[in-house]
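Engineer: Provided below: run-v8.cif, containing mmCIF, C-alpha atoms.
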data_data
loop_
_atom_site.label_atom_id
_atom_site.label_comp_id
_atom_site.auth_asym_id
_atom_site.auth_seq_id
_atom_site.Cartn_x
_atom_site.Cartn_y
_atom_site.Cartn_z
CA MET A 1 54.39 35.11 74.24
CA LYS A 2 50.95 34.09 75.43
CA TYR A 3 51.16 31.18 73.04
CA ALA A 4 54.62 30.16 74.23
CA GLY A 5 53.55 30.05 77.88
CA ALA A 6 50.46 28.05 77.14
CA VAL A 7 52.28 25.60 74.91
CA VAL A 8 55.13 25.12 77.42
CA LEU A 9 52.61 24.52 80.19
CA ALA A 10 50.65 22.05 78.09
CA LEU A 11 53.78 20.19 77.05
CA ALA A 12 55.06 20.12 80.61
CA VAL A 13 51.77 18.63 81.77
CA VAL A 14 51.90 16.08 78.97
CA THR A 15 55.53 15.27 79.86
CA VAL A 16 54.66 14.72 83.51
CA ARG A 17 51.68 12.59 82.55
CA LEU A 18 53.80 10.54 80.17
CA ASP A 19 56.47 10.14 82.84
CA ALA A 20 53.90 8.91 85.33
CA GLN A 21 52.48 6.64 82.67
CA GLY A 22 55.97 5.39 81.88
CA ASN A 23 56.65 4.65 85.54
CA ASP A 24 53.38 2.80 85.87
CA ASP A 25 54.09 0.93 82.67
CA ARG A 26 57.22 -0.47 84.27
CA LEU A 27 54.91 -2.24 86.69
CA ARG A 28 52.47 -3.25 83.97
CA GLY A 29 55.15 -5.37 82.35
CA VAL A 30 55.98 -7.11 85.63
CA PHE A 31 52.67 -7.79 87.36
CA ASP A 32 49.48 -9.52 86.35
CA PRO A 33 46.52 -7.20 85.57
CA PRO A 34 44.74 -7.47 88.98
CA THR A 35 47.97 -6.79 90.90
CA TYR A 36 48.86 -3.97 88.55
CA ALA A 37 45.42 -2.44 89.07
CA SER A 38 45.85 -2.55 92.85
CA LEU A 39 49.32 -1.03 92.67
CA HIS A 40 48.14 1.59 90.20
CA ALA A 41 45.43 2.64 92.64
CA VAL A 42 47.99 3.03 95.44
CA LEU A 43 50.26 5.05 93.15
CA ASP A 44 47.38 7.27 92.06
CA SER A 45 46.46 7.97 95.68
CA ALA A 46 50.07 8.78 96.50
CA ARG A 47 50.34 11.05 93.48
CA ALA A 48 47.15 12.84 94.44
CA ALA A 49 48.54 13.35 97.94
CA GLY A 50 51.73 14.82 96.50
CA LEU A 51 53.88 11.92 97.60
CA PRO A 52 56.73 10.58 95.45
CA THR A 53 55.85 7.37 93.64
CA GLU A 54 59.36 6.23 92.76
CA PRO A 55 60.00 4.63 96.18
CA LEU A 56 56.68 2.83 95.88
CA ILE A 57 57.50 1.52 92.42
CA ASP A 58 60.92 0.39 93.60
CA LYS A 59 59.35 -1.40 96.56
CA ALA A 60 56.95 -3.21 94.25
CA LEU A 61 59.83 -4.20 91.98
CA GLU A 62 61.79 -5.45 94.99
CA GLY A 63 58.86 -7.64 95.95
CA SER A 64 58.62 -8.99 92.44
CA ALA A 65 62.37 -9.70 92.28
CA LYS A 66 62.10 -11.60 95.56
CA HIS A 67 59.07 -13.54 94.28
CA ALA A 68 56.78 -12.27 97.03
CA SER A 69 53.06 -12.88 96.68
CA SER A 70 50.95 -10.23 95.01
CA ASP A 71 48.93 -9.61 98.15
CA ARG A 72 52.09 -9.09 100.14
CA ILE A 73 53.54 -6.70 97.58
CA VAL A 74 50.40 -4.56 97.45
CA ALA A 75 50.19 -4.50 101.26
CA VAL A 76 53.84 -3.48 101.62
CA VAL A 77 53.55 -0.76 98.98
CA ARG A 78 50.40 0.60 100.62
CA ASP A 79 52.14 0.57 103.99
CA LEU A 80 55.14 2.40 102.55
CA SER A 81 52.86 5.06 101.10
CA ALA A 82 51.42 5.67 104.57
CA ARG A 83 54.92 5.77 106.04
CA LEU A 84 56.02 8.35 103.48
CA ALA A 85 53.06 10.50 104.47
CA ASP A 86 53.97 10.17 108.16
CA THR A 87 57.56 11.11 107.36
CA ARG A 88 56.46 14.18 105.46
CA THR A 89 54.40 15.25 108.45
CA ALA A 90 57.37 14.75 110.76
CA LEU A 91 59.51 16.82 108.40
CA GLY A 92 57.20 19.78 108.63
CA GLY A 93 54.84 18.93 105.80
CA TYR A 94 57.31 18.88 102.93
CA GLY A 95 60.33 17.01 101.65
CA THR A 96 62.00 15.74 98.53
CA ALA A 97 61.64 12.12 97.47
CA ASP A 98 65.11 11.37 98.83
CA GLU A 99 64.35 13.08 102.14
CA LEU A 100 61.11 11.17 102.51
CA SER A 101 62.78 7.86 101.70
CA ALA A 102 65.64 8.46 104.12
CA GLY A 103 63.25 9.74 106.77
CA THR A 104 61.02 6.72 106.39
CA ALA A 105 64.02 4.42 106.87
CA ALA A 106 65.09 6.44 109.91
CA LEU A 107 61.64 6.25 111.50
CA ARG A 108 61.50 2.57 110.78
CA ALA A 109 64.88 2.14 112.45
CA GLY A 110 63.42 3.67 115.57
CA ILE A 111 64.47 7.31 115.23
CA ALA A 112 61.84 9.51 116.88
CA PRO A 113 59.70 11.81 114.71
CA ALA A 114 60.89 14.71 116.86
CA THR A 115 64.41 14.13 115.56
CA LEU A 116 63.18 14.66 112.01
CA ALA A 117 61.51 17.89 113.04
CA ASP A 118 64.66 19.04 114.84
CA LEU A 119 66.82 18.25 111.83
CA ARG A 120 64.49 20.19 109.57
CA ARG A 121 64.66 23.14 111.96
CA LEU A 122 68.46 22.98 112.20
CA ARG A 123 68.93 22.66 108.45
CA HIS A 124 65.97 24.55 107.10
CA ASN A 125 67.95 25.72 104.08
CA GLU A 126 69.54 22.37 103.33
CA GLN A 127 68.41 18.86 102.58
CA VAL A 128 68.23 16.48 105.50
CA THR A 129 68.67 13.30 103.48
CA ILE A 130 72.19 12.52 104.65
CA PRO A 131 71.63 13.20 108.37
CA LEU A 132 68.56 10.96 108.27
CA ALA A 133 70.43 8.24 106.39
CA VAL A 134 73.30 8.45 108.87
CA ALA A 135 70.94 8.17 111.83
CA ALA A 136 69.35 5.08 110.29
CA GLU A 137 72.73 3.54 109.53
CA LEU A 138 74.01 4.16 113.06
CA VAL A 139 71.00 2.31 114.43
CA ALA A 140 71.54 -0.46 111.90
CA ARG A 141 75.10 -0.73 113.19
CA GLY A 142 73.86 -1.25 116.72
CA VAL A 143 73.64 2.25 118.16
CA ARG A 144 70.59 2.95 120.27
CA PRO A 145 68.13 5.20 118.37
CA ASP A 146 68.17 8.01 120.94
CA SER A 147 71.97 7.99 120.98
CA ALA A 148 72.11 8.03 117.19
CA SER A 149 69.65 10.92 117.13
CA ALA A 150 71.63 12.87 119.69
CA GLN A 151 74.87 12.36 117.79
CA VAL A 152 73.44 13.41 114.45
CA LEU A 153 71.63 16.41 115.93
CA ARG A 154 74.78 17.51 117.74
CA LEU A 155 76.78 17.41 114.52
CA ALA A 156 74.01 19.12 112.55
CA ALA A 157 73.80 21.87 115.16
CA ALA A 158 77.55 22.32 114.91
CA GLY A 159 77.17 22.91 111.19
CA ALA A 160 78.69 19.64 110.01
CA ARG A 161 78.50 19.18 106.26
CA ASP A 162 76.90 16.16 104.62
CA VAL A 163 80.25 14.62 103.75
CA GLU A 164 81.34 14.85 107.38
CA LEU A 165 78.09 13.40 108.62
CA ALA A 166 78.23 10.54 106.14
CA ALA A 167 81.68 9.58 107.40
CA LEU A 168 80.36 9.12 110.93
CA PRO A 169 79.13 5.50 110.78
CA ARG A 170 82.21 4.31 108.93
CA SER A 171 84.75 6.26 110.93
CA ALA A 172 83.22 5.33 114.24
CA SER A 173 85.32 2.60 115.77
CA PRO A 174 83.62 -0.05 117.85
CA SER A 175 84.70 1.84 120.97
CA VAL A 176 83.11 5.05 119.69
CA ILE A 177 79.97 3.16 118.82
CA SER A 178 80.01 1.59 122.27
CA SER A 179 80.28 5.00 123.84
CA LEU A 180 77.18 5.98 121.95
CA TYR A 181 75.50 2.87 123.24
CA PRO A 182 76.71 2.43 126.80
CA GLY A 183 76.08 -1.05 128.04
CA GLY A 184 75.01 -2.23 124.62
CA PRO A 185 76.52 -4.67 122.20
CA GLY A 186 78.36 -2.04 120.20
CA LEU A 187 79.32 -2.60 116.62
CA SER A 188 79.14 -6.16 115.50
CA ALA A 189 81.91 -6.67 113.03
CA PRO A 190 80.55 -8.13 109.83
CA THR A 191 81.86 -11.52 108.87
CA ALA A 192 82.37 -12.40 105.28
CA LEU A 193 80.87 -15.52 103.80
CA ASP A 194 84.27 -17.13 103.43
CA GLY A 195 85.04 -16.56 107.09
CA GLY A 196 87.19 -13.52 106.49
CA LYS A 197 86.28 -9.88 106.76
CA SER A 198 85.35 -7.54 104.01
CA SER A 199 85.51 -3.80 103.90
CA GLY A 200 81.95 -3.58 102.60
CA PRO A 201 80.81 -1.04 100.06
CA VAL A 202 83.31 1.76 99.95
CA GLU A 203 83.20 4.97 98.04
CA ALA A 204 85.97 4.97 95.51
CA GLY A 205 88.37 7.86 95.80
CA LYS A 206 88.24 8.51 92.12
CA PRO A 207 85.30 7.63 89.97
CA PRO A 208 85.81 5.54 86.89
CA LYS A 209 86.00 7.44 83.66
CA ARG A 210 83.40 5.30 82.02
CA SER A 211 79.79 6.24 82.54
CA PRO A 212 77.93 3.68 84.55
CA GLN A 213 75.23 1.71 82.92
CA ARG A 214 71.85 3.18 83.54
CA PRO A 215 69.30 0.62 84.57
CA MET B 1 42.11 35.60 13.14
CA PRO B 2 38.43 35.93 13.89
CA GLU B 3 37.25 39.37 14.60
CA TRP B 4 35.64 38.42 17.92
CA ILE B 5 39.02 37.55 19.40
CA ASP B 6 40.23 41.09 18.72
CA LEU B 7 37.15 42.39 20.46
CA VAL B 8 37.77 40.26 23.55
CA ALA B 9 41.43 41.27 23.66
CA GLU B 10 40.53 44.92 23.37
CA GLU B 11 38.06 44.57 26.19
CA LEU B 12 40.66 42.88 28.40
CA ARG B 13 43.22 45.60 27.69
CA SER B 14 40.87 48.38 28.66
CA PRO B 15 41.57 49.85 32.14
CA VAL B 16 39.36 48.63 34.96
CA ASP B 17 37.75 51.37 36.91
CA LEU B 18 37.53 50.31 40.55
CA SER B 19 35.55 52.33 42.95
CA SER B 20 37.42 53.67 46.00
CA LEU B 21 35.26 51.38 48.20
CA ALA B 22 36.41 48.32 46.33
CA THR B 23 40.06 49.39 46.63
CA ALA B 24 39.70 49.85 50.36
CA ARG B 25 38.08 46.45 50.66
CA ILE B 26 40.89 44.78 48.75
CA MET B 27 43.59 46.54 50.78
CA ALA B 28 41.87 45.57 54.02
CA ALA B 29 41.83 41.97 52.88
CA VAL B 30 45.51 42.16 52.02
CA ARG B 31 46.33 43.65 55.43
CA ALA B 32 44.23 40.98 57.19
CA ASP B 33 46.04 38.28 55.30
CA ALA B 34 49.41 39.73 56.29
CA ALA B 35 48.35 39.87 59.94
CA ARG B 36 47.18 36.27 59.74
CA ARG B 37 50.53 35.24 58.33
CA ARG B 38 52.35 37.09 61.14
CA ARG B 39 50.19 35.40 63.78
CA ARG B 40 50.85 32.02 62.22
CA ALA B 41 54.60 32.71 62.18
CA ARG B 42 54.51 33.76 65.83
CA ALA B 43 52.61 30.59 66.73
CA TRP B 44 55.24 28.48 64.99
CA GLN B 45 58.00 30.41 66.76
CA ALA B 46 56.27 29.83 70.10
CA LEU B 47 55.89 26.15 69.32
CA ALA B 48 59.55 25.89 68.38
CA ALA B 49 60.57 27.71 71.58
CA ALA B 50 58.37 25.40 73.64
CA ALA B 51 59.86 22.36 71.93
CA VAL B 52 63.35 23.62 72.75
CA VAL B 53 62.37 24.19 76.38
CA VAL B 54 60.82 20.73 76.71
CA LEU B 55 63.82 19.15 74.98
CA ALA B 56 66.16 20.94 77.39
CA ILE B 57 64.11 19.77 80.37
CA GLY B 58 64.09 16.24 79.00
CA ILE B 59 67.85 16.26 78.52
CA ALA B 60 68.37 17.69 82.00
CA VAL B 61 66.16 15.06 83.60
CA TYR B 62 66.79 11.93 81.58
CA ALA B 63 70.10 12.28 79.83
CA ARG B 64 72.29 13.82 82.49
CA PRO B 65 75.86 12.76 82.35
CA ALA B 66 76.60 10.11 84.93
CA ASP B 67 76.66 11.71 88.33
CA GLY B 68 76.89 10.49 91.87
CA THR B 69 79.58 8.85 93.86
CA ALA B 70 81.45 5.75 92.76
CA VAL B 71 80.81 3.01 95.30
CA HIS B 72 82.68 -0.27 95.31
CA PHE B 73 80.84 -3.47 96.26
CA ALA B 74 82.53 -6.76 96.99
CA LEU B 75 81.37 -10.20 98.05
CA PRO B 76 83.93 -12.87 98.93
CA ILE B 77 82.22 -16.06 97.82
CA PRO B 78 84.59 -18.15 95.72
CA ALA B 79 82.19 -21.03 95.14
CA ALA B 80 79.62 -18.89 93.32
CA HIS B 81 79.15 -19.07 89.59
CA GLU B 82 77.32 -15.78 89.22
CA VAL B 83 76.75 -12.82 91.53
CA VAL B 84 74.51 -9.86 90.73
CA LEU B 85 74.07 -6.62 92.66
CA VAL B 86 70.46 -5.50 93.02
CA GLY B 87 69.02 -2.54 94.86
CA ASP B 88 66.89 0.54 94.72
CA PHE B 89 69.48 2.15 92.43
CA ASN B 90 68.89 -0.35 89.62
CA HIS B 91 65.21 -0.95 90.32
CA TRP B 92 65.94 -4.43 91.66
CA ASP B 93 66.83 -5.66 88.22
CA THR B 94 68.50 -9.04 88.68
CA HIS B 95 70.36 -8.70 85.38
CA ALA B 96 71.49 -5.08 85.44
CA THR B 97 74.65 -5.18 87.55
CA PRO B 98 76.62 -8.43 87.46
CA LEU B 99 79.80 -8.62 89.54
CA ARG B 100 83.18 -9.73 88.20
CA ARG B 101 85.10 -12.53 89.86
CA THR B 102 88.66 -11.75 90.87
CA THR B 103 91.43 -14.30 91.14
CA ASN B 104 91.00 -14.66 94.90
CA GLY B 105 87.32 -15.51 94.55
CA THR B 106 85.93 -12.14 95.54
CA TRP B 107 83.19 -10.81 93.34
CA GLN B 108 83.21 -7.06 92.87
CA THR B 109 81.83 -4.12 90.98
CA THR B 110 81.73 -0.35 91.19
CA VAL B 111 78.58 1.66 90.56
CA ARG B 112 77.73 5.32 90.81
CA LEU B 113 75.10 6.15 93.39
CA LYS B 114 73.47 9.44 94.18
CA PRO B 115 73.94 10.77 97.71
CA GLY B 116 71.62 9.34 100.32
CA ALA B 117 70.63 5.99 101.75
CA HIS B 118 70.45 2.96 99.49
CA VAL B 119 69.32 -0.57 100.16
CA TYR B 120 70.72 -3.47 98.21
CA SER B 121 71.50 -7.15 98.20
CA PHE B 122 73.45 -9.70 96.22
CA VAL B 123 71.81 -12.49 94.24
CA VAL B 124 74.07 -15.51 94.08
CA ASP B 125 73.65 -18.07 91.32
CA GLY B 126 70.30 -16.66 90.32
CA ASN B 127 68.25 -17.55 93.36
CA ARG B 128 70.14 -16.97 96.61
CA TRP B 129 69.65 -13.54 98.17
CA VAL B 130 72.66 -12.65 100.26
CA PRO B 131 72.99 -9.42 102.23
CA ASP B 132 76.38 -7.75 102.25
CA PRO B 133 78.24 -9.32 105.16
CA ALA B 134 80.31 -6.16 105.55
CA ALA B 135 77.41 -3.71 105.77
CA PRO B 136 74.61 -3.17 108.25
CA LEU B 137 71.19 -4.60 107.53
CA ALA B 138 68.49 -2.19 106.42
CA PRO B 139 65.65 -1.74 108.91
CA GLY B 140 62.69 -3.97 108.21
CA SER B 141 62.49 -6.96 105.94
CA ASP B 142 59.35 -6.64 103.88
CA PHE B 143 59.84 -9.64 101.66
CA GLY B 144 61.78 -12.08 103.76
CA ALA B 145 65.32 -11.72 102.50
CA PRO B 146 66.96 -8.84 104.35
CA ASN B 147 68.73 -6.01 102.55
CA SER B 148 71.94 -4.19 103.31
CA LEU B 149 72.24 -0.46 103.82
CA VAL B 150 74.77 2.00 102.51
CA THR B 151 74.90 5.75 103.01
CA VAL B 152 76.52 7.62 100.16
CA ALA B 153 78.02 11.01 100.80
CA PRO B 154 77.91 13.78 98.23
CA GLY B 155 80.97 15.37 96.82
CA THR B 156 82.84 12.76 94.83
CA THR B 157 81.70 13.10 91.27
#
Represent the structure of the file as structure tokens.
Structural biologist:
Amino acid sequence: MKYAGAVVLALAVVTVRLDAQGNDDRLRGVFDPPTYASLHAVLDSARAAGLPTEPLIDKALEGSAKHASSDRIVAVVRDLSARLADTRTALGGYGTADELSAGTAALRAGIAPATLADLRRLRHNEQVTIPLAVAAELVARGVRPDSASAQVLRLAAAGARDVELAALPRSASPSVISSLYPGGPGLSAPTALDGGKSSGPVEAGKPPKRSPQRP
Amino acid sequence: MPEWIDLVAEELRSPVDLSSLATARIMAAVRADAARRRRRARAWQALAAAAVVVLAIGIAVYARPADGTAVHFALPIPAAHEVVLVGDFNHWDTHATPLRRTTNGTWQTTVRLKPGAHVYSFVVDGNRWVPDPAAPLAPGSDFGAPNSLVTVAPGTT
């Protein structure tokens, strides 16, 4: 069994290396060699620091899709790497890729780092991705960051499940939002491009039977 | 038949007298060979087991059946000729998720997203980045065109 352990370990290492290589190769096909080299260096640093690289790769691909300059893309990706590290610190020194991404968005929306720490403490056995995403979305919908934090923390302390938390931004009527943001603008109703109103992205009650296309 | 052939045959038929030392040496070699074969077989078994483990991990990671929550996206923009949904869930691929036009001019699609926060946008007619008018804007705008934000709850699979 000594052999089996060693071989599994070696193959796992090779698999991880190939996966990282594959991820980096996605960028190689998109960017010119100097830009790729700069991005690769940022990814290597992030990997060495134990940070997830997928959000960084996605950010670089977003920049490419939007035809941003190479310098801008590298700067944004480097900045995101630093933000992910800050988020991890706020979350008590650890977090999944999804938690770090959601936490970074929450911090960027203006949620205080202390809220991340409180959420981690309240849900130490559960992921905090959804509460963080909800806090960020509440702020994006016009709720003041401290009010959004208080609301999410209150629900988390009461033992609300992810599905209940996720319903908060959508179920909150403008009056509820206004109560969370006394004196503020409240929820600005989105206006569709054709002048009407759209319901926005909604979770379908029943998923389609067909498998979605993987990108 | 020449006589010398009979002599050679007779010599070959005569019993060989091996010393006990030689017998022991031969048997030791046979045992060593058997042990070597067993070790080689065990190594192959270990390799096969490892391959199965790695294959299982690969299937679990890369070939999972579609999971996540079905999320419906819509953009009412009748004048458009093409609308594509792009976001972190499809690696900002401007060809991966085209929307279908309905009779009333609304473009729509449904995709499965894993629980969490996702940022996305619509690309209209290949070059116009349009945030979802029905969703909040994601914080920050790193590359000019703002993105929309959607929080996907777990549970609906």
Engineer: Residues of chain B within 6 Å of chain A: nearest atom pair and distance (Å, one decimal) for each, counting all atoms listed in the file, sorted by chain and number, as a Markdown table?
Structural biologist:
| residue | atom | partner | partner_atom | distance |
| --- | --- | --- | --- | --- |
| B:Ala46 | CA | A:Ala4 | CA | 4.5 |
| B:Ala50 | CA | A:Val8 | CA | 5.0 |
| B:Ala66 | CA | A:Ser211 | CA | 5.6 |
| B:Ala70 | CA | A:Pro207 | CA | 5.1 |
| B:Val71 | CA | A:Glu203 | CA | 4.1 |
| B:His72 | CA | A:Val202 | CA | 5.1 |
| B:Phe73 | CA | A:Pro201 | CA | 4.5 |
| B:Asn90 | CA | A:Pro215 | CA | 5.2 |
| B:His91 | CA | A:Asp58 | CA | 5.6 |
| B:Trp92 | CA | A:Glu62 | CA | 5.4 |
| B:Gly116 | CA | A:Ile130 | CA | 5.4 |
| B:Ala117 | CA | A:Ala133 | CA | 5.2 |
| B:Pro133 | CA | A:Ala192 | CA | 5.2 |
| B:Ala134 | CA | A:Gly200 | CA | 4.2 |
| B:Ala135 | CA | A:Gly200 | CA | 5.5 |
| B:Pro136 | CA | A:Ala140 | CA | 5.5 |
| B:Pro139 | CA | A:Ala109 | CA | 5.3 |
| B:Ala153 | CA | A:Val163 | CA | 5.2 |
Engineer: Could you tell me which of B:Arg31, B:Arg101, B:Arg42, B:His95 comes closest to Pro78 of chain B if we count all atoms listed in the file?
Structural biologist: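 Answer, going by the shortest atom-to-atom distance: B:Arg101.
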Engineer: Mind checking which residues fall within 8 Å of Leu91 of chain A, counting all atoms listed in the file, ignoring those fewer than 3 positions away in the same chain, and posting them as a list of chain:residue names?
Structural biologist: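 Contacts, with the query itself left out: A:Thr87, A:Arg88, A:Tyr94, A:Gly95, A:Leu116, A:Ala117, A:Arg120.
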Engineer: Between atom CA of Ala41 of chain B and atom CA of Ile26 of chain B, what is the spacing in Å?
Structural biologist: 22.7 Å
Engineer: Rank nothing, just name the residue among B:Thr23, B:Ser141, B:Asn147, B:Thr69 nearest to Gly87 of chain B, using all atoms listed in the file.
Structural biologist: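 Ranking B:Thr23, B:Ser141, B:Asn147, B:Thr69 by distance to Gly87 of chain B, first place goes to B:Asn147.
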Engineer: Report as a PDB file with C-alpha atoms, in the frame of the given file the full result of the PyMOL selection byres ((chain B and resi 75) around 6) when it is applied to this structure.
Structural biologist:
ATOM      1  CA  ALA B  74      82.530  -6.760  96.990  1.00  0.00           C
ATOM      2  CA  PRO B  76      83.930 -12.870  98.930  1.00  0.00           C
ATOM      3  CA  ILE B  77      82.220 -16.060  97.820  1.00  0.00           C
ATOM      4  CA  THR B 106      85.930 -12.140  95.540  1.00  0.00           C
ATOM      5  CA  TRP B 107      83.190 -10.810  93.340  1.00  0.00           C
TER       6      TRP B 107
END
